[in-house]
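Pasting upload.pdb here (PDB, N, CA and C atoms):
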ATOM      1  N   MET F   1       0.844  -1.188   0.000
ATOM      2  CA  MET F   1       0.000   0.000   0.000
ATOM      3  C   MET F   1       0.888   1.251   0.000
ATOM      4  N   VAL F   2       0.495   2.224  -0.788
ATOM      5  CA  VAL F   2       1.255   3.460  -0.921
ATOM      6  C   VAL F   2       0.979   4.382   0.263
ATOM      7  N   ARG F   3       2.049   4.916   0.839
ATOM      8  CA  ARG F   3       1.922   5.873   1.941
ATOM      9  C   ARG F   3       1.881   7.279   1.332
ATOM     10  N   HIS F   4       0.876   8.061   1.706
ATOM     11  CA  HIS F   4       0.749   9.448   1.248
ATOM     12  C   HIS F   4       1.223  10.369   2.362
ATOM     13  N   THR F   5       2.162  11.242   2.032
ATOM     14  CA  THR F   5       2.728  12.175   3.005
ATOM     15  C   THR F   5       2.451  13.598   2.533
ATOM     16  N   MET F   6       1.877  14.405   3.410
ATOM     17  CA  MET F   6       1.619  15.800   3.082
ATOM     18  C   MET F   6       2.893  16.609   3.337
ATOM     19  N   VAL F   7       3.268  17.431   2.364
ATOM     20  CA  VAL F   7       4.448  18.280   2.478
ATOM     21  C   VAL F   7       4.019  19.732   2.254
ATOM     22  N   PRO F   8       4.759  20.695   2.814
ATOM     23  CA  PRO F   8       4.360  22.095   2.687
ATOM     24  C   PRO F   8       4.589  22.688   1.305
ATOM     25  N   GLU F   9       5.476  22.071   0.509
ATOM     26  CA  GLU F   9       5.807  22.673  -0.776
ATOM     27  C   GLU F   9       6.354  21.637  -1.749
ATOM     28  N   LEU F  10       5.958  21.776  -3.000
ATOM     29  CA  LEU F  10       6.520  21.014  -4.111
ATOM     30  C   LEU F  10       6.669  21.986  -5.284
ATOM     31  N   PRO F  11       7.639  21.776  -6.152
ATOM     32  CA  PRO F  11       7.810  22.691  -7.288
ATOM     33  C   PRO F  11       6.613  22.643  -8.242
ATOM     34  N   ASP F  12       6.234  23.796  -8.777
ATOM     35  CA  ASP F  12       5.187  23.868  -9.791
ATOM     36  C   ASP F  12       5.747  23.474 -11.141
ATOM     37  N   LEU F  13       4.991  22.692 -11.870
ATOM     38  CA  LEU F  13       5.339  22.350 -13.244
ATOM     39  C   LEU F  13       4.332  22.962 -14.227
ATOM     40  N   ILE F  14       3.202  23.439 -13.702
ATOM     41  CA  ILE F  14       2.175  24.105 -14.494
ATOM     42  C   ILE F  14       1.990  25.499 -13.896
ATOM     43  N   PHE F  15       1.925  26.502 -14.770
ATOM     44  CA  PHE F  15       1.881  27.887 -14.308
ATOM     45  C   PHE F  15       0.579  28.564 -14.724
ATOM     46  N   PRO F  16       0.138  29.575 -13.945
ATOM     47  CA  PRO F  16      -1.153  30.228 -14.207
ATOM     48  C   PRO F  16      -1.346  30.714 -15.640
ATOM     49  N   GLU F  17      -0.299  31.166 -16.289
ATOM     50  CA  GLU F  17      -0.449  31.650 -17.667
ATOM     51  C   GLU F  17      -0.820  30.533 -18.647
ATOM     52  N   GLU F  18      -0.709  29.284 -18.229
ATOM     53  CA  GLU F  18      -1.068  28.145 -19.082
ATOM     54  C   GLU F  18      -2.533  27.730 -18.934
ATOM     55  N   TYR F  19      -3.196  28.191 -17.883
ATOM     56  CA  TYR F  19      -4.552  27.728 -17.591
ATOM     57  C   TYR F  19      -5.504  27.978 -18.756
ATOM     58  N   GLU F  20      -5.443  29.146 -19.347
ATOM     59  CA  GLU F  20      -6.361  29.511 -20.425
ATOM     60  C   GLU F  20      -6.200  28.604 -21.651
ATOM     61  N   ASP F  21      -5.002  28.101 -21.871
ATOM     62  CA  ASP F  21      -4.738  27.239 -23.026
ATOM     63  C   ASP F  21      -5.280  25.814 -22.848
ATOM     64  N   HIS F  22      -5.747  25.494 -21.649
ATOM     65  CA  HIS F  22      -6.214  24.134 -21.350
ATOM     66  C   HIS F  22      -7.555  24.182 -20.623
ATOM     67  N   PRO F  23      -8.606  24.708 -21.272
ATOM     68  CA  PRO F  23      -9.901  24.867 -20.595
ATOM     69  C   PRO F  23     -10.550  23.547 -20.190
ATOM     70  N   ASP F  24     -10.156  22.449 -20.834
ATOM     71  CA  ASP F  24     -10.720  21.147 -20.471
ATOM     72  C   ASP F  24     -10.024  20.527 -19.266
ATOM     73  N   GLY F  25      -8.941  21.150 -18.789
ATOM     74  CA  GLY F  25      -8.268  20.693 -17.572
ATOM     75  C   GLY F  25      -7.526  19.380 -17.708
ATOM     76  N   ARG F  26      -7.047  19.052 -18.902
ATOM     77  CA  ARG F  26      -6.413  17.745 -19.101
ATOM     78  C   ARG F  26      -4.893  17.799 -19.176
ATOM     79  N   LEU F  27      -4.302  18.892 -18.759
ATOM     80  CA  LEU F  27      -2.843  19.005 -18.808
ATOM     81  C   LEU F  27      -2.205  18.263 -17.637
ATOM     82  N   VAL F  28      -1.218  17.434 -17.952
ATOM     83  CA  VAL F  28      -0.408  16.729 -16.961
ATOM     84  C   VAL F  28       1.046  16.939 -17.379
ATOM     85  N   ARG F  29       1.865  17.298 -16.424
ATOM     86  CA  ARG F  29       3.285  17.490 -16.727
ATOM     87  C   ARG F  29       4.089  16.701 -15.694
ATOM     88  N   MET F  30       5.159  16.039 -16.174
ATOM     89  CA  MET F  30       5.979  15.238 -15.268
ATOM     90  C   MET F  30       7.450  15.521 -15.514
ATOM     91  N   ARG F  31       8.231  15.415 -14.451
ATOM     92  CA  ARG F  31       9.688  15.561 -14.538
ATOM     93  C   ARG F  31      10.320  14.350 -13.848
ATOM     94  N   ILE F  32      11.229  13.693 -14.547
ATOM     95  CA  ILE F  32      11.928  12.518 -14.010
ATOM     96  C   ILE F  32      13.374  12.917 -13.755
ATOM     97  N   THR F  33      13.835  12.660 -12.528
ATOM     98  CA  THR F  33      15.207  12.971 -12.153
ATOM     99  C   THR F  33      15.859  11.712 -11.592
ATOM    100  N   VAL F  34      17.013  11.359 -12.141
ATOM    101  CA  VAL F  34      17.767  10.212 -11.635
ATOM    102  C   VAL F  34      18.759  10.727 -10.604
ATOM    103  N   ARG F  35      18.683  10.160  -9.413
ATOM    104  CA  ARG F  35      19.545  10.557  -8.302
ATOM    105  C   ARG F  35      20.358   9.336  -7.848
ATOM    106  N   PRO F  36      21.433   9.564  -7.104
ATOM    107  CA  PRO F  36      22.234   8.427  -6.630
ATOM    108  C   PRO F  36      21.422   7.419  -5.807
ATOM    109  N   ASP F  37      20.383   7.898  -5.108
ATOM    110  CA  ASP F  37      19.594   7.009  -4.259
ATOM    111  C   ASP F  37      18.309   6.512  -4.918
ATOM    112  N   GLY F  38      18.099   6.840  -6.192
ATOM    113  CA  GLY F  38      16.905   6.360  -6.880
ATOM    114  C   GLY F  38      16.395   7.365  -7.896
ATOM    115  N   VAL F  39      15.154   7.178  -8.293
ATOM    116  CA  VAL F  39      14.523   8.030  -9.297
ATOM    117  C   VAL F  39      13.433   8.844  -8.622
ATOM    118  N   GLU F  40      13.413  10.140  -8.925
ATOM    119  CA  GLU F  40      12.360  11.016  -8.422
ATOM    120  C   GLU F  40      11.443  11.353  -9.583
ATOM    121  N   LEU F  41      10.142  11.177  -9.388
ATOM    122  CA  LEU F  41       9.151  11.518 -10.382
ATOM    123  C   LEU F  41       8.265  12.594  -9.792
ATOM    124  N   LEU F  42       8.317  13.781 -10.381
ATOM    125  CA  LEU F  42       7.528  14.913  -9.918
ATOM    126  C   LEU F  42       6.430  15.146 -10.935
ATOM    127  N   GLY F  43       5.211  15.298 -10.469
ATOM    128  CA  GLY F  43       4.098  15.518 -11.384
ATOM    129  C   GLY F  43       3.233  16.680 -10.947
ATOM    130  N   ASP F  44       2.561  17.278 -11.919
ATOM    131  CA  ASP F  44       1.625  18.365 -11.678
ATOM    132  C   ASP F  44       0.489  18.172 -12.667
ATOM    133  N   ALA F  45      -0.736  18.399 -12.231
ATOM    134  CA  ALA F  45      -1.884  18.194 -13.102
ATOM    135  C   ALA F  45      -3.050  19.059 -12.656
ATOM    136  N   PHE F  46      -3.883  19.420 -13.618
ATOM    137  CA  PHE F  46      -5.109  20.142 -13.286
ATOM    138  C   PHE F  46      -6.078  19.238 -12.532
ATOM    139  N   ARG F  47      -6.030  17.958 -12.826
ATOM    140  CA  ARG F  47      -6.909  16.982 -12.169
ATOM    141  C   ARG F  47      -6.051  16.061 -11.311
ATOM    142  N   PRO F  48      -5.897  16.383 -10.037
ATOM    143  CA  PRO F  48      -4.986  15.628  -9.167
ATOM    144  C   PRO F  48      -5.316  14.141  -9.069
ATOM    145  N   GLN F  49      -6.584  13.769  -9.148
ATOM    146  CA  GLN F  49      -6.938  12.355  -9.020
ATOM    147  C   GLN F  49      -6.323  11.532 -10.151
ATOM    148  N   PHE F  50      -6.197  12.104 -11.346
ATOM    149  CA  PHE F  50      -5.558  11.382 -12.446
ATOM    150  C   PHE F  50      -4.077  11.169 -12.157
ATOM    151  N   LEU F  51      -3.401  12.216 -11.713
ATOM    152  CA  LEU F  51      -1.971  12.124 -11.404
ATOM    153  C   LEU F  51      -1.731  11.139 -10.261
ATOM    154  N   GLU F  52      -2.549  11.188  -9.225
ATOM    155  CA  GLU F  52      -2.389  10.275  -8.088
ATOM    156  C   GLU F  52      -2.531   8.822  -8.523
ATOM    157  N   SER F  53      -3.506   8.532  -9.381
ATOM    158  CA  SER F  53      -3.679   7.138  -9.818
ATOM    159  C   SER F  53      -2.517   6.693 -10.711
ATOM    160  N   LEU F  54      -2.022   7.594 -11.540
ATOM    161  CA  LEU F  54      -0.868   7.288 -12.381
ATOM    162  C   LEU F  54       0.363   6.987 -11.527
ATOM    163  N   LEU F  55       0.638   7.825 -10.552
ATOM    164  CA  LEU F  55       1.789   7.601  -9.672
ATOM    165  C   LEU F  55       1.642   6.306  -8.880
ATOM    166  N   ALA F  56       0.452   6.040  -8.380
ATOM    167  CA  ALA F  56       0.218   4.822  -7.591
ATOM    168  C   ALA F  56       0.464   3.562  -8.428
ATOM    169  N   GLU F  57       0.136   3.608  -9.724
ATOM    170  CA  GLU F  57       0.356   2.462 -10.608
ATOM    171  C   GLU F  57       1.836   2.111 -10.742
ATOM    172  N   LEU F  58       2.711   3.076 -10.501
ATOM    173  CA  LEU F  58       4.150   2.835 -10.600
ATOM    174  C   LEU F  58       4.701   2.074  -9.394
ATOM    175  N   GLY F  59       3.903   1.934  -8.337
ATOM    176  CA  GLY F  59       4.279   1.124  -7.196
ATOM    177  C   GLY F  59       5.269   1.735  -6.217
ATOM    178  N   PRO F  60       5.194   3.044  -5.961
ATOM    179  CA  PRO F  60       6.138   3.616  -5.005
ATOM    180  C   PRO F  60       5.774   3.257  -3.568
ATOM    181  N   ASP F  61       6.735   3.411  -2.669
ATOM    182  CA  ASP F  61       6.456   3.236  -1.245
ATOM    183  C   ASP F  61       5.720   4.462  -0.707
ATOM    184  N   GLU F  62       6.039   5.633  -1.262
ATOM    185  CA  GLU F  62       5.483   6.880  -0.743
ATOM    186  C   GLU F  62       5.193   7.854  -1.896
ATOM    187  N   ILE F  63       4.099   8.618  -1.737
ATOM    188  CA  ILE F  63       3.770   9.717  -2.635
ATOM    189  C   ILE F  63       3.652  10.956  -1.773
ATOM    190  N   GLU F  64       4.450  11.962  -2.076
ATOM    191  CA  GLU F  64       4.358  13.238  -1.366
ATOM    192  C   GLU F  64       3.325  14.102  -2.074
ATOM    193  N   GLN F  65       2.492  14.754  -1.270
ATOM    194  CA  GLN F  65       1.433  15.600  -1.794
ATOM    195  C   GLN F  65       1.422  16.908  -1.023
ATOM    196  N   MET F  66       0.866  17.941  -1.654
ATOM    197  CA  MET F  66       0.640  19.187  -0.936
ATOM    198  C   MET F  66      -0.775  19.653  -1.242
ATOM    199  N   LEU F  67      -1.338  20.374  -0.310
ATOM    200  CA  LEU F  67      -2.646  20.970  -0.518
ATOM    201  C   LEU F  67      -2.457  22.279  -1.239
ATOM    202  N   CYS F  68      -3.270  22.532  -2.227
ATOM    203  CA  CYS F  68      -3.188  23.813  -2.903
ATOM    204  C   CYS F  68      -4.575  24.447  -2.871
ATOM    205  N   GLY F  69      -4.589  25.733  -2.952
ATOM    206  CA  GLY F  69      -5.882  26.401  -2.837
ATOM    207  C   GLY F  69      -5.983  27.604  -3.697
TER     208      GLY F  69
END
Write-out of the structure in structure tokens:
Amino acid sequence: MVRHTMVPELPDLIFPEEYEDHPDGRLVRMRITVRPDGVELLGDAFRPQFLESLLAELGPDEIEQMLCG
């Protein structure tokens, strides 16, 4: 089972000036970084439930999330 951890901040991959170009809300952006201790996958999406299910399918031990408002 994937552990979800709330964090105070994560980098933005989608910016406000892009919102108008995606009125259907289907934009998903991901960044993959290879580190000495493993692979980091950072994602941002207009529809968080889609991104969460995609990340969970990859089988991580933990998914870091932040609340946005």
Secondary structure check, alpha helix (DSSP H) residues of chain F, as number ranges by chain
F: 48-57
Which of chain F fall in strand (DSSP E or B), as a list in words
Arg3, His4, Thr5, Met6, Val28, Arg29, Met30, Arg31, Ile32, Thr33, Val34, Arg35, Gly38, Val39, Glu40, Leu41, Leu42, Gly43, Asp44, Ala45, Glu62, Ile63, Glu64 and Gln65 of chain F
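Taking atom CA of F:Ala45 and atom C of F:Glu20 as the two end points, the separation is 14.1 Å.
The point (12.8, 17.2, -11.8) has these residues within 8 Å of it when all atoms listed in the file are used: Met30, Arg31, Ile32, Thr33, Val34, Glu40, Leu41, Leu42 and Gly43 of chain F.
Straight-line separation from atom CA of F:Ile14 to atom CA of F:Ile63: 18.7 Å.
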Care to translate the PyMOL selection byres ((chain F and resi 1) around 8) into actual residues of this file, as a list in words?
Val2, Arg3, His4, Gly59, Pro60, Asp61 and Glu62 of chain F
The PyMOL selection byres ((chain F and resi 13) around 6.5) - which residues does that actually catch in the file I just gave you? List them as a short mmCIF file (atom, residue, chain, number, x, y, z; two decimals) with N, CA and C atoms, keeping the file's coordinate frame.
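What landed in expr_8.cif:
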data_model
loop_
_atom_site.label_atom_id
_atom_site.label_comp_id
_atom_site.auth_asym_id
_atom_site.auth_seq_id
_atom_site.Cartn_x
_atom_site.Cartn_y
_atom_site.Cartn_z
N PRO F 11 7.64 21.78 -6.15
CA PRO F 11 7.81 22.69 -7.29
C PRO F 11 6.61 22.64 -8.24
N ASP F 12 6.23 23.80 -8.78
CA ASP F 12 5.19 23.87 -9.79
C ASP F 12 5.75 23.47 -11.14
N ILE F 14 3.20 23.44 -13.70
CA ILE F 14 2.17 24.10 -14.49
C ILE F 14 1.99 25.50 -13.90
N PHE F 15 1.92 26.50 -14.77
CA PHE F 15 1.88 27.89 -14.31
C PHE F 15 0.58 28.56 -14.72
N ARG F 29 1.86 17.30 -16.42
CA ARG F 29 3.28 17.49 -16.73
C ARG F 29 4.09 16.70 -15.69
N GLY F 43 5.21 15.30 -10.47
CA GLY F 43 4.10 15.52 -11.38
C GLY F 43 3.23 16.68 -10.95
N ASP F 44 2.56 17.28 -11.92
CA ASP F 44 1.62 18.36 -11.68
C ASP F 44 0.49 18.17 -12.67
#
Expand the PyMOL selection byres (((chain F and resi 48 and name CA) around 12) and name CA) into the individual residues it matches in the shown file, reporting them as a ChimeraX atom specification.
/F:25-29,43-47,49-55,65-68
